[in-house]
Amino acid sequence: MANTAEQQRERFTNFTPYEMKKGEEYMSDDMLQHFKGLLLQWKQELMEEVDRTMHHMQEDAANYADPSDRATQEEEFSLELRTRDRERKLIKKIDKTIDRIDKDDYGFCDQCGVEIGTRRLEARPTATLCIDCKTLAEIREKQTGI
């Protein structure tokens with residue numbers, strides 16, 4: 001029942017990249033709607049995955065007599081639940097990002113204020129930092145271990 005990383009990548013990248021029109025302003029209404037649509041689609045796919053996991057766990061829950069079989073099933077369920085927990089956190093992040101779009105506060109770096117860029121946002125629609133600030137944050141994180 002678990003999806004491969006390739007299947008998930010394919011699902012989450014199945015979109016048409018935004019093409020800026022000549023003279024179009026960064027984060028125009030059309031562009032904001034494009035990103036909001038991406039986020040809503042991504043959230044919907046994650047919610048469907050949660051439902052599939054719930055059905056899978058309910059249907060496949062068995063009380064195996066063999067301890068090895070029981071342990072295998074418990075480990076599989078544990079992995080699925082950890083994945084769903086990460087996705088639950090991602091859904092919260094998606095909701096916050098949609099809220100930022102609605103408040104017209106999307107697409108600009110939280111630290112330095114520059115444009116994050118459409119290609120970066122298509123790769124990571126929930127990004128709040130430009131690539132330079134994100135790189136510096138990761139370097140600091142490695143150095144300090146925080």
# chains A, B, ... in the order shown; residues from 1 in each chain; ligands from 1
>>> residues_around(residues="Ile98 (chain A)", least_positions_apart="4", cutoff="8 Å", atoms="only C-alpha atoms", output="number ranges by chain")
A: 36, 39, 94, 102
>>> residues_around(residues="Arg120 (chain A)", least_positions_apart="3", cutoff="12 Å", atoms="only C-alpha atoms", output="CSV table (one decimal) with N, CA and C atoms, in the first residue's frame")
chain,number,residue,atom,x,y,z
A,17,PRO,N,4.0,24.4,-15.4
A,17,PRO,CA,4.7,25.5,-14.8
A,17,PRO,C,4.1,26.9,-15.3
A,18,TYR,N,4.2,27.8,-14.4
A,18,TYR,CA,3.6,29.2,-14.6
A,18,TYR,C,4.5,29.9,-15.6
A,35,PHE,N,-0.4,29.4,-7.8
A,35,PHE,CA,0.2,28.8,-6.6
A,35,PHE,C,-0.8,28.3,-5.6
A,107,GLY,N,5.5,34.9,-1.7
A,107,GLY,CA,6.5,35.0,-2.8
A,107,GLY,C,7.7,35.8,-2.5
A,108,PHE,N,7.7,36.4,-1.3
A,108,PHE,CA,8.9,37.2,-0.9
A,108,PHE,C,9.6,36.7,0.3
A,109,CYS,N,10.9,36.7,0.4
A,109,CYS,CA,11.7,36.2,1.4
A,109,CYS,C,11.3,36.8,2.8
A,115,GLU,N,12.3,38.7,-4.0
A,115,GLU,CA,11.5,37.7,-4.6
A,115,GLU,C,12.1,36.4,-4.4
A,116,ILE,N,11.2,35.4,-4.0
A,116,ILE,CA,11.7,34.0,-3.9
A,116,ILE,C,11.9,33.4,-5.3
A,117,GLY,N,11.0,33.8,-6.2
A,117,GLY,CA,11.1,33.3,-7.6
A,117,GLY,C,10.1,32.2,-7.9
A,123,ALA,N,9.0,24.4,-7.1
A,123,ALA,CA,9.7,23.3,-6.5
A,123,ALA,C,9.3,23.1,-5.1
A,124,ARG,N,9.1,24.2,-4.4
A,124,ARG,CA,8.8,24.2,-2.9
A,124,ARG,C,7.8,25.3,-2.7
A,125,PRO,N,6.5,25.0,-2.9
A,125,PRO,CA,5.5,26.1,-2.8
A,125,PRO,C,5.3,26.7,-1.4
A,126,THR,N,5.8,26.0,-0.4
A,126,THR,CA,5.7,26.5,0.9
A,126,THR,C,6.9,27.3,1.4
A,127,ALA,N,7.9,27.5,0.5
A,127,ALA,CA,9.1,28.2,0.8
A,127,ALA,C,8.8,29.6,1.3
A,128,THR,N,9.5,30.0,2.4
A,128,THR,CA,9.4,31.3,2.9
A,128,THR,C,10.7,32.1,2.8
A,129,LEU,N,11.8,31.4,2.4
A,129,LEU,CA,13.1,32.1,2.2
A,129,LEU,C,13.6,32.0,0.8
A,130,CYS,N,14.3,33.0,0.3
A,130,CYS,CA,14.9,32.9,-1.0
A,130,CYS,C,16.1,31.9,-0.9
A,131,ILE,N,16.6,31.5,-2.0
A,131,ILE,CA,17.6,30.4,-2.0
A,131,ILE,C,18.9,30.9,-1.2
A,132,ASP,N,19.2,32.1,-1.3
A,132,ASP,CA,20.4,32.6,-0.6
A,132,ASP,C,20.2,32.5,0.9
A,134,LYS,N,18.1,30.7,2.6
A,134,LYS,CA,17.9,29.3,3.0
A,134,LYS,C,19.3,28.6,3.0
>>> select_by_dssp(residues="region 29-112 of chain A", states="alpha helix (DSSP H)", output="PyMOL selection string")
chain A and resi 29-60+67-102
>>> residues_around(residues="Leu38 (chain A)", least_positions_apart="4", cutoff="8 Å", atoms="only C-alpha atoms", output="PyMOL selection string")
chain A and resi 15+34+42+125
>>> atom_distance(atom1="CA of Asp95 (chain A)", atom2="CA of Lys43 (chain A)")
8.4 Å
>>> atom_distance(atom1="CA of Asp30 (chain A)", atom2="CA of Asp104 (chain A)")
12.4 Å
>>> closest_residue(among="A:Ile91, A:Met27, A:Glu74, A:Glu19", to="Glu48 (chain A)", atoms="only C-alpha atoms")
A:Ile91
>>> decode(residues="region 23-61 of chain A", atoms="N, CA and C atoms", output="mmCIF file, in the first residue's frame")
data_model
loop_
_atom_site.group_PDB
_atom_site.id
_atom_site.type_symbol
_atom_site.label_atom_id
_atom_site.label_comp_id
_atom_site.auth_asym_id
_atom_site.auth_seq_id
_atom_site.Cartn_x
_atom_site.Cartn_y
_atom_site.Cartn_z
ATOM 1 N N GLY A 23 5.637 41.750 -19.302
ATOM 2 C CA GLY A 23 5.257 42.907 -18.513
ATOM 3 C C GLY A 23 4.457 42.582 -17.256
ATOM 4 N N GLU A 24 4.245 41.289 -16.987
ATOM 5 C CA GLU A 24 3.460 40.904 -15.808
ATOM 6 C C GLU A 24 4.251 41.158 -14.526
ATOM 7 N N GLU A 25 3.574 41.659 -13.536
ATOM 8 C CA GLU A 25 4.188 41.942 -12.245
ATOM 9 C C GLU A 25 4.332 40.637 -11.450
ATOM 10 N N TYR A 26 5.440 40.550 -10.711
ATOM 11 C CA TYR A 26 5.676 39.386 -9.852
ATOM 12 C C TYR A 26 4.551 39.287 -8.819
ATOM 13 N N MET A 27 4.043 38.103 -8.638
ATOM 14 C CA MET A 27 2.939 37.787 -7.736
ATOM 15 C C MET A 27 1.662 38.543 -8.103
ATOM 16 N N SER A 28 1.386 38.530 -9.400
ATOM 17 C CA SER A 28 0.123 39.077 -9.904
ATOM 18 C C SER A 28 -1.017 38.166 -9.434
ATOM 19 N N ASP A 29 -2.238 38.606 -9.644
ATOM 20 C CA ASP A 29 -3.388 37.793 -9.240
ATOM 21 C C ASP A 29 -3.370 36.425 -9.916
ATOM 22 N N ASP A 30 -3.028 36.389 -11.219
ATOM 23 C CA ASP A 30 -2.963 35.109 -11.933
ATOM 24 C C ASP A 30 -1.904 34.193 -11.328
ATOM 25 N N MET A 31 -0.755 34.758 -10.999
ATOM 26 C CA MET A 31 0.329 33.971 -10.430
ATOM 27 C C MET A 31 -0.066 33.444 -9.039
ATOM 28 N N LEU A 32 -0.674 34.288 -8.237
ATOM 29 C CA LEU A 32 -1.122 33.862 -6.910
ATOM 30 C C LEU A 32 -2.150 32.735 -7.017
ATOM 31 N N GLN A 33 -3.059 32.858 -7.979
ATOM 32 C CA GLN A 33 -4.055 31.802 -8.175
ATOM 33 C C GLN A 33 -3.404 30.500 -8.633
ATOM 34 N N HIS A 34 -2.358 30.601 -9.449
ATOM 35 C CA HIS A 34 -1.610 29.420 -9.887
ATOM 36 C C HIS A 34 -1.045 28.688 -8.675
ATOM 37 N N PHE A 35 -0.377 29.421 -7.796
ATOM 38 C CA PHE A 35 0.235 28.788 -6.630
ATOM 39 C C PHE A 35 -0.809 28.287 -5.629
ATOM 40 N N LYS A 36 -1.886 29.012 -5.486
ATOM 41 C CA LYS A 36 -2.954 28.554 -4.595
ATOM 42 C C LYS A 36 -3.540 27.246 -5.123
ATOM 43 N N GLY A 37 -3.708 27.165 -6.443
ATOM 44 C CA GLY A 37 -4.210 25.923 -7.050
ATOM 45 C C GLY A 37 -3.258 24.763 -6.819
ATOM 46 N N LEU A 38 -1.942 25.017 -6.966
ATOM 47 C CA LEU A 38 -0.947 23.967 -6.695
ATOM 48 C C LEU A 38 -1.051 23.481 -5.256
ATOM 49 N N LEU A 39 -1.140 24.423 -4.333
ATOM 50 C CA LEU A 39 -1.201 24.069 -2.912
ATOM 51 C C LEU A 39 -2.484 23.305 -2.581
ATOM 52 N N LEU A 40 -3.587 23.731 -3.127
ATOM 53 C CA LEU A 40 -4.854 23.032 -2.870
ATOM 54 C C LEU A 40 -4.829 21.621 -3.437
ATOM 55 N N GLN A 41 -4.244 21.459 -4.626
ATOM 56 C CA GLN A 41 -4.128 20.130 -5.230
ATOM 57 C C GLN A 41 -3.231 19.239 -4.365
ATOM 58 N N TRP A 42 -2.106 19.781 -3.930
ATOM 59 C CA TRP A 42 -1.165 19.037 -3.092
ATOM 60 C C TRP A 42 -1.837 18.611 -1.788
ATOM 61 N N LYS A 43 -2.568 19.533 -1.169
ATOM 62 C CA LYS A 43 -3.274 19.225 0.081
ATOM 63 C C LYS A 43 -4.299 18.119 -0.147
ATOM 64 N N GLN A 44 -5.035 18.201 -1.241
ATOM 65 C CA GLN A 44 -6.042 17.184 -1.552
ATOM 66 C C GLN A 44 -5.393 15.810 -1.705
ATOM 67 N N GLU A 45 -4.272 15.764 -2.396
ATOM 68 C CA GLU A 45 -3.567 14.488 -2.588
ATOM 69 C C GLU A 45 -3.085 13.926 -1.252
ATOM 70 N N LEU A 46 -2.601 14.787 -0.377
ATOM 71 C CA LEU A 46 -2.154 14.338 0.940
ATOM 72 C C LEU A 46 -3.325 13.819 1.762
ATOM 73 N N MET A 47 -4.461 14.498 1.689
ATOM 74 C CA MET A 47 -5.641 14.062 2.436
ATOM 75 C C MET A 47 -6.142 12.711 1.922
ATOM 76 N N GLU A 48 -6.089 12.508 0.617
ATOM 77 C CA GLU A 48 -6.478 11.218 0.048
ATOM 78 C C GLU A 48 -5.541 10.113 0.524
ATOM 79 N N GLU A 49 -4.268 10.436 0.651
ATOM 80 C CA GLU A 49 -3.291 9.459 1.135
ATOM 81 C C GLU A 49 -3.579 9.082 2.591
ATOM 82 N N VAL A 50 -3.989 10.048 3.388
ATOM 83 C CA VAL A 50 -4.368 9.779 4.779
ATOM 84 C C VAL A 50 -5.541 8.801 4.804
ATOM 85 N N ASP A 51 -6.537 9.055 3.959
ATOM 86 C CA ASP A 51 -7.701 8.163 3.905
ATOM 87 C C ASP A 51 -7.299 6.752 3.488
ATOM 88 N N ARG A 52 -6.417 6.655 2.487
ATOM 89 C CA ARG A 52 -5.963 5.324 2.041
ATOM 90 C C ARG A 52 -5.244 4.593 3.175
ATOM 91 N N THR A 53 -4.435 5.319 3.917
ATOM 92 C CA THR A 53 -3.710 4.700 5.028
ATOM 93 C C THR A 53 -4.674 4.185 6.086
ATOM 94 N N MET A 54 -5.675 4.990 6.414
ATOM 95 C CA MET A 54 -6.653 4.562 7.421
ATOM 96 C C MET A 54 -7.366 3.284 6.976
ATOM 97 N N HIS A 55 -7.807 3.248 5.729
ATOM 98 C CA HIS A 55 -8.484 2.054 5.219
ATOM 99 C C HIS A 55 -7.534 0.854 5.217
ATOM 100 N N HIS A 56 -6.311 1.086 4.789
ATOM 101 C CA HIS A 56 -5.321 0.006 4.737
ATOM 102 C C HIS A 56 -5.077 -0.571 6.131
ATOM 103 N N MET A 57 -4.904 0.288 7.107
ATOM 104 C CA MET A 57 -4.618 -0.183 8.453
ATOM 105 C C MET A 57 -5.823 -0.902 9.059
ATOM 106 N N GLN A 58 -7.030 -0.437 8.757
ATOM 107 C CA GLN A 58 -8.226 -1.091 9.276
ATOM 108 C C GLN A 58 -8.443 -2.447 8.612
ATOM 109 N N GLU A 59 -8.220 -2.495 7.301
ATOM 110 C CA GLU A 59 -8.457 -3.733 6.560
ATOM 111 C C GLU A 59 -7.373 -4.774 6.803
ATOM 112 N N ASP A 60 -6.141 -4.328 6.943
ATOM 113 C CA ASP A 60 -5.023 -5.265 7.045
ATOM 114 C C ASP A 60 -4.624 -5.591 8.478
ATOM 115 N N ALA A 61 -5.294 -4.981 9.444
ATOM 116 C CA ALA A 61 -4.950 -5.272 10.832
ATOM 117 C C ALA A 61 -5.337 -6.710 11.138
#
